$ cat coords_33.cif   # mmCIF, C-alpha atoms
data_query
loop_
_atom_site.group_PDB
_atom_site.id
_atom_site.type_symbol
_atom_site.label_atom_id
_atom_site.label_comp_id
_atom_site.auth_asym_id
_atom_site.auth_seq_id
_atom_site.Cartn_x
_atom_site.Cartn_y
_atom_site.Cartn_z
ATOM 1 C CA GLY A 1 0.000 0.000 0.000
ATOM 2 C CA GLN A 2 0.873 3.666 -0.057
ATOM 3 C CA SER A 3 0.895 5.907 3.003
ATOM 4 C CA LEU A 4 2.150 9.235 4.263
ATOM 5 C CA GLU A 5 2.623 10.221 7.886
ATOM 6 C CA GLN A 6 2.780 13.781 9.177
ATOM 7 C CA PRO A 7 1.932 15.284 12.570
ATOM 8 C CA SER A 8 -1.690 16.340 12.931
ATOM 9 C CA GLU A 9 -1.007 19.617 14.751
ATOM 10 C CA VAL A 10 1.889 21.956 15.463
ATOM 11 C CA THR A 11 1.881 25.193 17.456
ATOM 12 C CA ALA A 12 4.584 27.873 17.327
ATOM 13 C CA VAL A 13 5.008 31.559 18.140
ATOM 14 C CA GLU A 14 5.394 34.433 15.742
ATOM 15 C CA GLY A 15 8.975 34.874 14.562
ATOM 16 C CA ALA A 16 9.971 31.306 15.386
ATOM 17 C CA ILE A 17 11.048 28.445 13.106
ATOM 18 C CA VAL A 18 8.955 25.302 12.701
ATOM 19 C CA GLN A 19 9.645 22.028 10.895
ATOM 20 C CA ILE A 20 6.879 19.741 9.647
ATOM 21 C CA ASN A 21 8.045 16.207 8.934
ATOM 22 C CA CYS A 22 6.650 13.744 6.422
ATOM 23 C CA THR A 23 7.498 10.080 6.009
ATOM 24 C CA TYR A 24 6.120 8.076 3.131
ATOM 25 C CA GLN A 25 5.773 4.564 1.836
ATOM 26 C CA THR A 26 4.981 4.181 -1.869
ATOM 27 C CA SER A 27 5.386 1.629 -4.628
ATOM 28 C CA GLY A 28 6.976 4.219 -6.928
ATOM 29 C CA PHE A 29 8.350 7.702 -6.398
ATOM 30 C CA TYR A 30 8.802 10.745 -8.605
ATOM 31 C CA GLY A 31 8.853 13.493 -6.001
ATOM 32 C CA LEU A 32 7.567 15.056 -2.771
ATOM 33 C CA SER A 33 5.388 18.172 -2.775
ATOM 34 C CA TRP A 34 4.091 20.540 -0.118
ATOM 35 C CA TYR A 35 0.820 22.476 -0.199
ATOM 36 C CA GLN A 36 -0.679 25.128 2.077
ATOM 37 C CA GLN A 37 -4.410 25.375 2.730
ATOM 38 C CA HIS A 38 -6.094 28.109 4.746
ATOM 39 C CA ASP A 39 -9.448 27.339 6.366
ATOM 40 C CA GLY A 40 -12.179 27.320 3.733
ATOM 41 C CA GLY A 41 -9.735 27.777 0.884
ATOM 42 C CA ALA A 42 -8.100 25.648 -1.758
ATOM 43 C CA PRO A 43 -4.585 24.208 -1.457
ATOM 44 C CA THR A 44 -1.784 26.248 -2.960
ATOM 45 C CA PHE A 45 1.521 24.845 -4.164
ATOM 46 C CA LEU A 46 4.585 25.571 -2.011
ATOM 47 C CA SER A 47 7.399 23.326 -3.224
ATOM 48 C CA TYR A 48 8.387 20.185 -5.115
ATOM 49 C CA ASN A 49 11.473 18.049 -4.477
ATOM 50 C CA ALA A 50 12.311 15.444 -7.101
ATOM 51 C CA LEU A 51 15.910 14.994 -5.941
ATOM 52 C CA ASP A 52 17.575 14.746 -2.534
ATOM 53 C CA GLY A 53 18.499 17.942 -0.796
ATOM 54 C CA LEU A 54 17.161 21.286 0.277
ATOM 55 C CA GLU A 55 15.059 23.645 -1.840
ATOM 56 C CA GLU A 56 14.638 27.204 -0.569
ATOM 57 C CA THR A 57 11.882 29.633 -1.542
ATOM 58 C CA GLY A 58 11.885 32.746 0.606
ATOM 59 C CA ARG A 59 10.919 31.908 4.192
ATOM 60 C CA PHE A 60 10.019 28.335 3.249
ATOM 61 C CA SER A 61 12.430 25.463 2.600
ATOM 62 C CA SER A 62 11.736 21.832 1.753
ATOM 63 C CA PHE A 63 14.042 18.866 2.169
ATOM 64 C CA LEU A 64 13.990 15.357 0.738
ATOM 65 C CA SER A 65 15.934 12.188 1.534
ATOM 66 C CA ARG A 66 14.819 9.424 -0.826
ATOM 67 C CA SER A 67 16.924 6.781 0.929
ATOM 68 C CA ASP A 68 15.069 7.507 4.189
ATOM 69 C CA SER A 69 11.643 8.051 2.522
ATOM 70 C CA TYR A 70 11.522 11.292 4.466
ATOM 71 C CA GLY A 71 11.071 14.962 3.892
ATOM 72 C CA TYR A 72 10.274 18.113 5.785
ATOM 73 C CA LEU A 73 8.964 21.619 5.318
ATOM 74 C CA LEU A 74 10.775 24.357 7.225
ATOM 75 C CA LEU A 75 9.042 27.645 7.869
ATOM 76 C CA GLN A 76 11.162 30.513 9.156
ATOM 77 C CA GLU A 77 10.250 33.891 10.662
ATOM 78 C CA LEU A 78 6.719 32.674 11.278
ATOM 79 C CA GLN A 79 3.902 35.130 10.690
ATOM 80 C CA MET A 80 0.283 34.967 11.812
ATOM 81 C CA LYS A 81 -0.771 34.454 8.189
ATOM 82 C CA ASP A 82 1.185 31.164 8.152
ATOM 83 C CA SER A 83 -1.557 29.620 10.324
ATOM 84 C CA ALA A 84 -2.965 27.001 7.956
ATOM 85 C CA SER A 85 -2.902 23.302 7.176
ATOM 86 C CA TYR A 86 0.148 21.942 5.370
ATOM 87 C CA PHE A 87 -0.024 18.785 3.273
ATOM 88 C CA CYS A 88 2.813 16.670 1.982
ATOM 89 C CA ALA A 89 2.105 14.703 -1.177
ATOM 90 C CA VAL A 90 4.010 12.065 -3.086
ATOM 91 C CA ARG A 91 3.834 11.241 -6.772
ATOM 92 C CA PRO A 92 4.154 7.477 -7.258
ATOM 93 C CA GLN A 93 2.982 7.748 -10.872
ATOM 94 C CA GLY A 94 0.762 10.281 -12.669
ATOM 95 C CA ASN A 95 -1.191 11.662 -9.727
ATOM 96 C CA LEU A 96 -0.430 12.921 -6.214
ATOM 97 C CA ILE A 97 -1.275 11.093 -2.991
ATOM 98 C CA PHE A 98 -1.772 13.464 -0.067
ATOM 99 C CA GLY A 99 -1.101 13.107 3.629
ATOM 100 C CA LYS A 100 -3.849 14.040 6.095
ATOM 101 C CA GLY A 101 -2.269 17.415 6.785
ATOM 102 C CA THR A 102 -0.632 19.266 9.665
ATOM 103 C CA LYS A 103 -2.566 22.131 11.213
ATOM 104 C CA LEU A 104 -0.122 24.889 12.132
ATOM 105 C CA SER A 105 -1.231 27.479 14.664
ATOM 106 C CA VAL A 106 0.956 30.555 15.021
ATOM 107 C CA LYS A 107 0.518 32.423 18.330
ATOM 108 C CA PRO A 108 1.470 36.050 19.007
ATOM 109 C CA ASP B 1 -4.619 35.549 -16.458
ATOM 110 C CA GLY B 2 -4.280 31.776 -16.613
ATOM 111 C CA GLY B 3 -6.036 29.729 -14.031
ATOM 112 C CA ILE B 4 -8.496 27.013 -13.168
ATOM 113 C CA THR B 5 -12.148 27.800 -12.499
ATOM 114 C CA GLN B 6 -14.643 25.685 -10.614
ATOM 115 C CA SER B 7 -18.354 26.340 -10.483
ATOM 116 C CA PRO B 8 -20.573 26.615 -8.650
ATOM 117 C CA LYS B 9 -18.907 27.578 -5.371
ATOM 118 C CA TYR B 10 -21.795 26.093 -3.353
ATOM 119 C CA LEU B 11 -24.191 23.377 -4.486
ATOM 120 C CA PHE B 12 -27.135 21.747 -2.767
ATOM 121 C CA ARG B 13 -28.379 18.363 -3.887
ATOM 122 C CA LYS B 14 -31.556 16.561 -3.022
ATOM 123 C CA GLU B 15 -31.550 12.850 -2.319
ATOM 124 C CA GLY B 16 -31.610 10.849 -5.554
ATOM 125 C CA GLN B 17 -30.388 13.678 -7.787
ATOM 126 C CA ASN B 18 -27.369 13.731 -10.062
ATOM 127 C CA VAL B 19 -25.364 16.943 -10.051
ATOM 128 C CA THR B 20 -22.470 18.083 -12.230
ATOM 129 C CA LEU B 21 -19.527 20.161 -11.037
ATOM 130 C CA SER B 22 -17.708 22.234 -13.609
ATOM 131 C CA CYS B 23 -13.935 22.582 -13.943
ATOM 132 C CA GLU B 24 -12.257 24.646 -16.665
ATOM 133 C CA GLN B 25 -8.580 25.568 -17.092
ATOM 134 C CA ASN B 26 -6.725 27.825 -19.504
ATOM 135 C CA LEU B 27 -3.215 26.846 -18.421
ATOM 136 C CA ASN B 28 -2.723 24.458 -21.349
ATOM 137 C CA HIS B 29 -2.192 21.636 -18.860
ATOM 138 C CA ASP B 30 -2.599 18.096 -20.162
ATOM 139 C CA ALA B 31 -3.571 16.495 -16.853
ATOM 140 C CA MET B 32 -6.629 17.216 -14.731
ATOM 141 C CA TYR B 33 -7.775 15.717 -11.441
ATOM 142 C CA TRP B 34 -10.733 15.585 -9.051
ATOM 143 C CA TYR B 35 -10.235 15.244 -5.315
ATOM 144 C CA ARG B 36 -12.661 15.073 -2.434
ATOM 145 C CA GLN B 37 -11.896 16.572 0.974
ATOM 146 C CA ASP B 38 -13.870 15.832 4.117
ATOM 147 C CA PRO B 39 -13.541 18.023 7.259
ATOM 148 C CA GLY B 40 -10.138 17.650 8.902
ATOM 149 C CA GLN B 41 -9.037 15.158 6.301
ATOM 150 C CA GLY B 42 -6.598 15.001 3.449
ATOM 151 C CA LEU B 43 -7.482 14.913 -0.225
ATOM 152 C CA ARG B 44 -8.684 11.682 -1.787
ATOM 153 C CA LEU B 45 -8.476 11.098 -5.526
ATOM 154 C CA ILE B 46 -11.732 10.477 -7.386
ATOM 155 C CA TYR B 47 -10.689 10.510 -11.058
ATOM 156 C CA TYR B 48 -7.850 11.817 -13.152
ATOM 157 C CA SER B 49 -7.133 12.364 -16.830
ATOM 158 C CA GLN B 50 -3.744 12.635 -18.501
ATOM 159 C CA ILE B 51 -5.063 13.292 -21.991
ATOM 160 C CA VAL B 52 -8.281 14.152 -23.829
ATOM 161 C CA ASN B 53 -10.798 11.300 -24.141
ATOM 162 C CA ASP B 54 -9.021 9.219 -21.514
ATOM 163 C CA PHE B 55 -9.395 9.055 -17.738
ATOM 164 C CA GLN B 56 -8.652 6.691 -14.861
ATOM 165 C CA LYS B 57 -10.405 5.890 -11.597
ATOM 166 C CA GLY B 58 -8.835 7.028 -8.379
ATOM 167 C CA ASP B 59 -9.271 5.574 -4.914
ATOM 168 C CA ILE B 60 -12.924 6.572 -4.414
ATOM 169 C CA ALA B 61 -14.500 6.581 -7.911
ATOM 170 C CA GLU B 62 -17.689 4.724 -6.964
ATOM 171 C CA GLY B 63 -20.756 6.936 -7.403
ATOM 172 C CA TYR B 64 -18.929 9.471 -9.588
ATOM 173 C CA SER B 65 -18.429 9.876 -13.336
ATOM 174 C CA VAL B 66 -16.317 12.187 -15.502
ATOM 175 C CA SER B 67 -15.706 13.105 -19.115
ATOM 176 C CA ARG B 68 -12.763 14.738 -20.901
ATOM 177 C CA GLU B 69 -13.969 15.822 -24.314
ATOM 178 C CA LYS B 70 -11.817 18.955 -24.378
ATOM 179 C CA LYS B 71 -8.370 19.660 -22.963
ATOM 180 C CA GLU B 72 -9.720 22.621 -21.007
ATOM 181 C CA SER B 73 -12.669 20.914 -19.333
ATOM 182 C CA PHE B 74 -13.085 18.032 -16.876
ATOM 183 C CA PRO B 75 -16.626 17.982 -15.387
ATOM 184 C CA LEU B 76 -17.486 15.690 -12.488
ATOM 185 C CA THR B 77 -20.952 14.192 -12.035
ATOM 186 C CA VAL B 78 -21.965 13.093 -8.557
ATOM 187 C CA THR B 79 -24.605 10.443 -9.101
ATOM 188 C CA SER B 80 -27.373 9.227 -6.822
ATOM 189 C CA ALA B 81 -25.250 6.108 -6.244
ATOM 190 C CA GLN B 82 -22.835 8.172 -4.139
ATOM 191 C CA LYS B 83 -24.270 7.622 -0.656
ATOM 192 C CA ASN B 84 -22.366 10.319 1.211
ATOM 193 C CA PRO B 85 -21.634 13.128 -1.238
ATOM 194 C CA THR B 86 -21.470 16.045 1.199
ATOM 195 C CA ALA B 87 -17.866 17.267 0.922
ATOM 196 C CA PHE B 88 -15.520 19.884 -0.530
ATOM 197 C CA TYR B 89 -14.606 19.003 -4.131
ATOM 198 C CA LEU B 90 -11.350 20.228 -5.611
ATOM 199 C CA CYS B 91 -10.295 20.186 -9.232
ATOM 200 C CA ALA B 92 -6.630 20.507 -10.166
ATOM 201 C CA SER B 93 -4.471 20.513 -13.272
ATOM 202 C CA SER B 94 -0.802 19.985 -14.029
ATOM 203 C CA LEU B 95 1.814 19.416 -16.655
ATOM 204 C CA THR B 96 2.889 15.795 -17.059
ATOM 205 C CA ASP B 97 5.978 13.596 -17.003
ATOM 206 C CA GLU B 98 9.306 15.424 -16.832
ATOM 207 C CA LEU B 99 7.552 18.805 -16.948
ATOM 208 C CA PHE B 100 5.555 18.123 -13.769
ATOM 209 C CA TYR B 101 6.265 20.432 -10.843
ATOM 210 C CA GLY B 102 2.940 20.598 -8.992
ATOM 211 C CA TYR B 103 -0.798 21.072 -9.144
ATOM 212 C CA THR B 104 -2.799 24.225 -9.683
ATOM 213 C CA PHE B 105 -6.069 23.969 -7.798
ATOM 214 C CA GLY B 106 -9.420 25.565 -8.435
ATOM 215 C CA SER B 107 -11.218 27.322 -5.577
ATOM 216 C CA GLY B 108 -13.435 24.312 -4.910
ATOM 217 C CA THR B 109 -17.141 23.437 -4.786
ATOM 218 C CA ARG B 110 -18.909 22.714 -1.491
ATOM 219 C CA LEU B 111 -21.623 20.141 -2.073
ATOM 220 C CA THR B 112 -24.310 19.591 0.534
ATOM 221 C CA VAL B 113 -27.093 17.033 0.453
ATOM 222 C CA VAL B 114 -30.392 18.447 1.706
#

$ encode --input "coords_33.cif" --output "structure tokens"
Amino acid sequence: GQSLEQPSEVTAVEGAIVQINCTYQTSGFYGLSWYQQHDGGAPTFLSYNALDGLEETGRFSSFLSRSDSYGYLLLQELQMKDSASYFCAVRPQGNLIFGKGTKLSVKP
Amino acid sequence: DGGITQSPKYLFRKEGQNVTLSCEQNLNHDAMYWYRQDPGQGLRLIYYSQIVNDFQKGDIAEGYSVSREKKESFPLTVTSAQKNPTAFYLCASSLTDELFYGYTFGSGTRLTVV
């Protein structure tokens, strides 16, 4: 079968750094993605790692280790607007399979 | 501006009715997808299409049907056979194969059975 595991909730304070981990088990693998979803809204694309290593986009970074079937999303200089759900997703073939999401709450 | 449009935003269905959710994109993406999201849950794949006139079932296709007659359009019909259709439905599109980098999502349709 195919599965993804990520924490259900994370809480952090404004200005801090938070890391959201994702472990996966799939029959094939073409990459790991991260999406952000605010309450009531649609998911928006954050990052895509097809190869091992760290990808940086502004305050957000994403890491992948294919040998460990593991990745993480790192959010720096947290802002209140970062409060949202974050989903990791793997691409075993043509489509994405999503984790159940991590709800991030940023406190003042 | 390029994007992906879902309509309607809210939809109410009576028991026993079929309803169709619209999804249109002008991004020139080959692949389109339908996902269902229940409260506090992740996204589950209903159907996807990599090319016009071809589509594949996802994990929860029972009670749903799709068509892909045009590259830009991928409508989803929720049939009366779907016993628990109340959910948030998301359409997405993407490039394929080595050009893939991620999905673009529509704004979603909230379907409620009344």

$ residues_around --input "coords_33.cif" --residues "Glu9 in chain A" --least-positions-apart "6" --cutoff "9 Å" --atoms "all atoms listed in the file" --output "list in words"
Ser85, Gly101, Thr102, Lys103, Leu104 and Ser105 of chain A

$ interface_residues --input "coords_33.cif" --of "chain A" --to "chain B" --cutoff "6 Å" --atoms "all atoms listed in the file" --output "PyMOL selection string"
chain A and resi 42+98-101

$ resolve_selection --input "coords_33.cif" --expression "the PyMOL selection byres ((chain B and resi 62-70) around 9)" --output "ChimeraX atom specification"
/B:46-49,51-55,57,59-61,71-83,85

$ residues_around --input "coords_33.cif" --residues "Gln37 in chain A" --least-positions-apart "6" --cutoff "9 Å" --atoms "all atoms listed in the file" --output "number ranges by chain"
A: 43-44, 84-87

$ atom_distance --input "coords_33.cif" --atom1 "CA of Gly31 in chain A" --atom2 "CA of Ser22 in chain B"
29.0 Å

$ residues_near_point --input "coords_33.cif" --point "(7.8, 21.5, -5.4)" --cutoff "7 Å" --atoms "all atoms listed in the file" --output "PyMOL selection string"
(chain A and resi 32-34+46-49) or (chain B and resi 101-102)

$ write_last_selection --input "coords_33.cif" --atoms "C-alpha atoms" --output "mmCIF file, keeping the file's coordinate frame"
data_model
loop_
_atom_site.group_PDB
_atom_site.id
_atom_site.type_symbol
_atom_site.label_atom_id
_atom_site.label_comp_id
_atom_site.auth_asym_id
_atom_site.auth_seq_id
_atom_site.Cartn_x
_atom_site.Cartn_y
_atom_site.Cartn_z
ATOM 1 C CA LEU A 32 7.567 15.056 -2.771
ATOM 2 C CA SER A 33 5.388 18.172 -2.775
ATOM 3 C CA TRP A 34 4.091 20.540 -0.118
ATOM 4 C CA LEU A 46 4.585 25.571 -2.011
ATOM 5 C CA SER A 47 7.399 23.326 -3.224
ATOM 6 C CA TYR A 48 8.387 20.185 -5.115
ATOM 7 C CA ASN A 49 11.473 18.049 -4.477
ATOM 8 C CA TYR B 101 6.265 20.432 -10.843
ATOM 9 C CA GLY B 102 2.940 20.598 -8.992
#

$ residues_around --input "coords_33.cif" --residues "range 59-66 of chain A" --least-positions-apart "4" --cutoff "12 Å" --atoms "all atoms listed in the file" --output "JSON, numbers by chain"
{"A": [15, 16, 17, 18, 19, 20, 21, 22, 23, 24, 25, 26, 28, 29, 30, 31, 32, 33, 34, 35, 36, 45, 46, 47, 48, 49, 50, 51, 52, 53, 54, 55, 70, 71, 72, 73, 74, 75, 76, 77, 78, 79, 82, 86, 88, 90]}

$ atom_distance --input "coords_33.cif" --atom1 "CA of Gly94 in chain A" --atom2 "CA of Asp39 in chain A"
27.5 Å

$ atom_distance --input "coords_33.cif" --atom1 "CA of Pro7 in chain A" --atom2 "CA of Leu96 in chain A"
19.1 Å

$ residues_near_point --input "coords_33.cif" --point "(-4.9, 29.6, -16.9)" --cutoff "10 Å" --atoms "all atoms listed in the file" --output "ChimeraX atom specification"
/B:1-5,24-29,72,93,104

$ closest_residue --input "coords_33.cif" --among "A:Ser27, A:Ser69, A:Ser83, A:Gln93" --to "Glu5 in chain A" --atoms "all atoms listed in the file"
A:Ser69
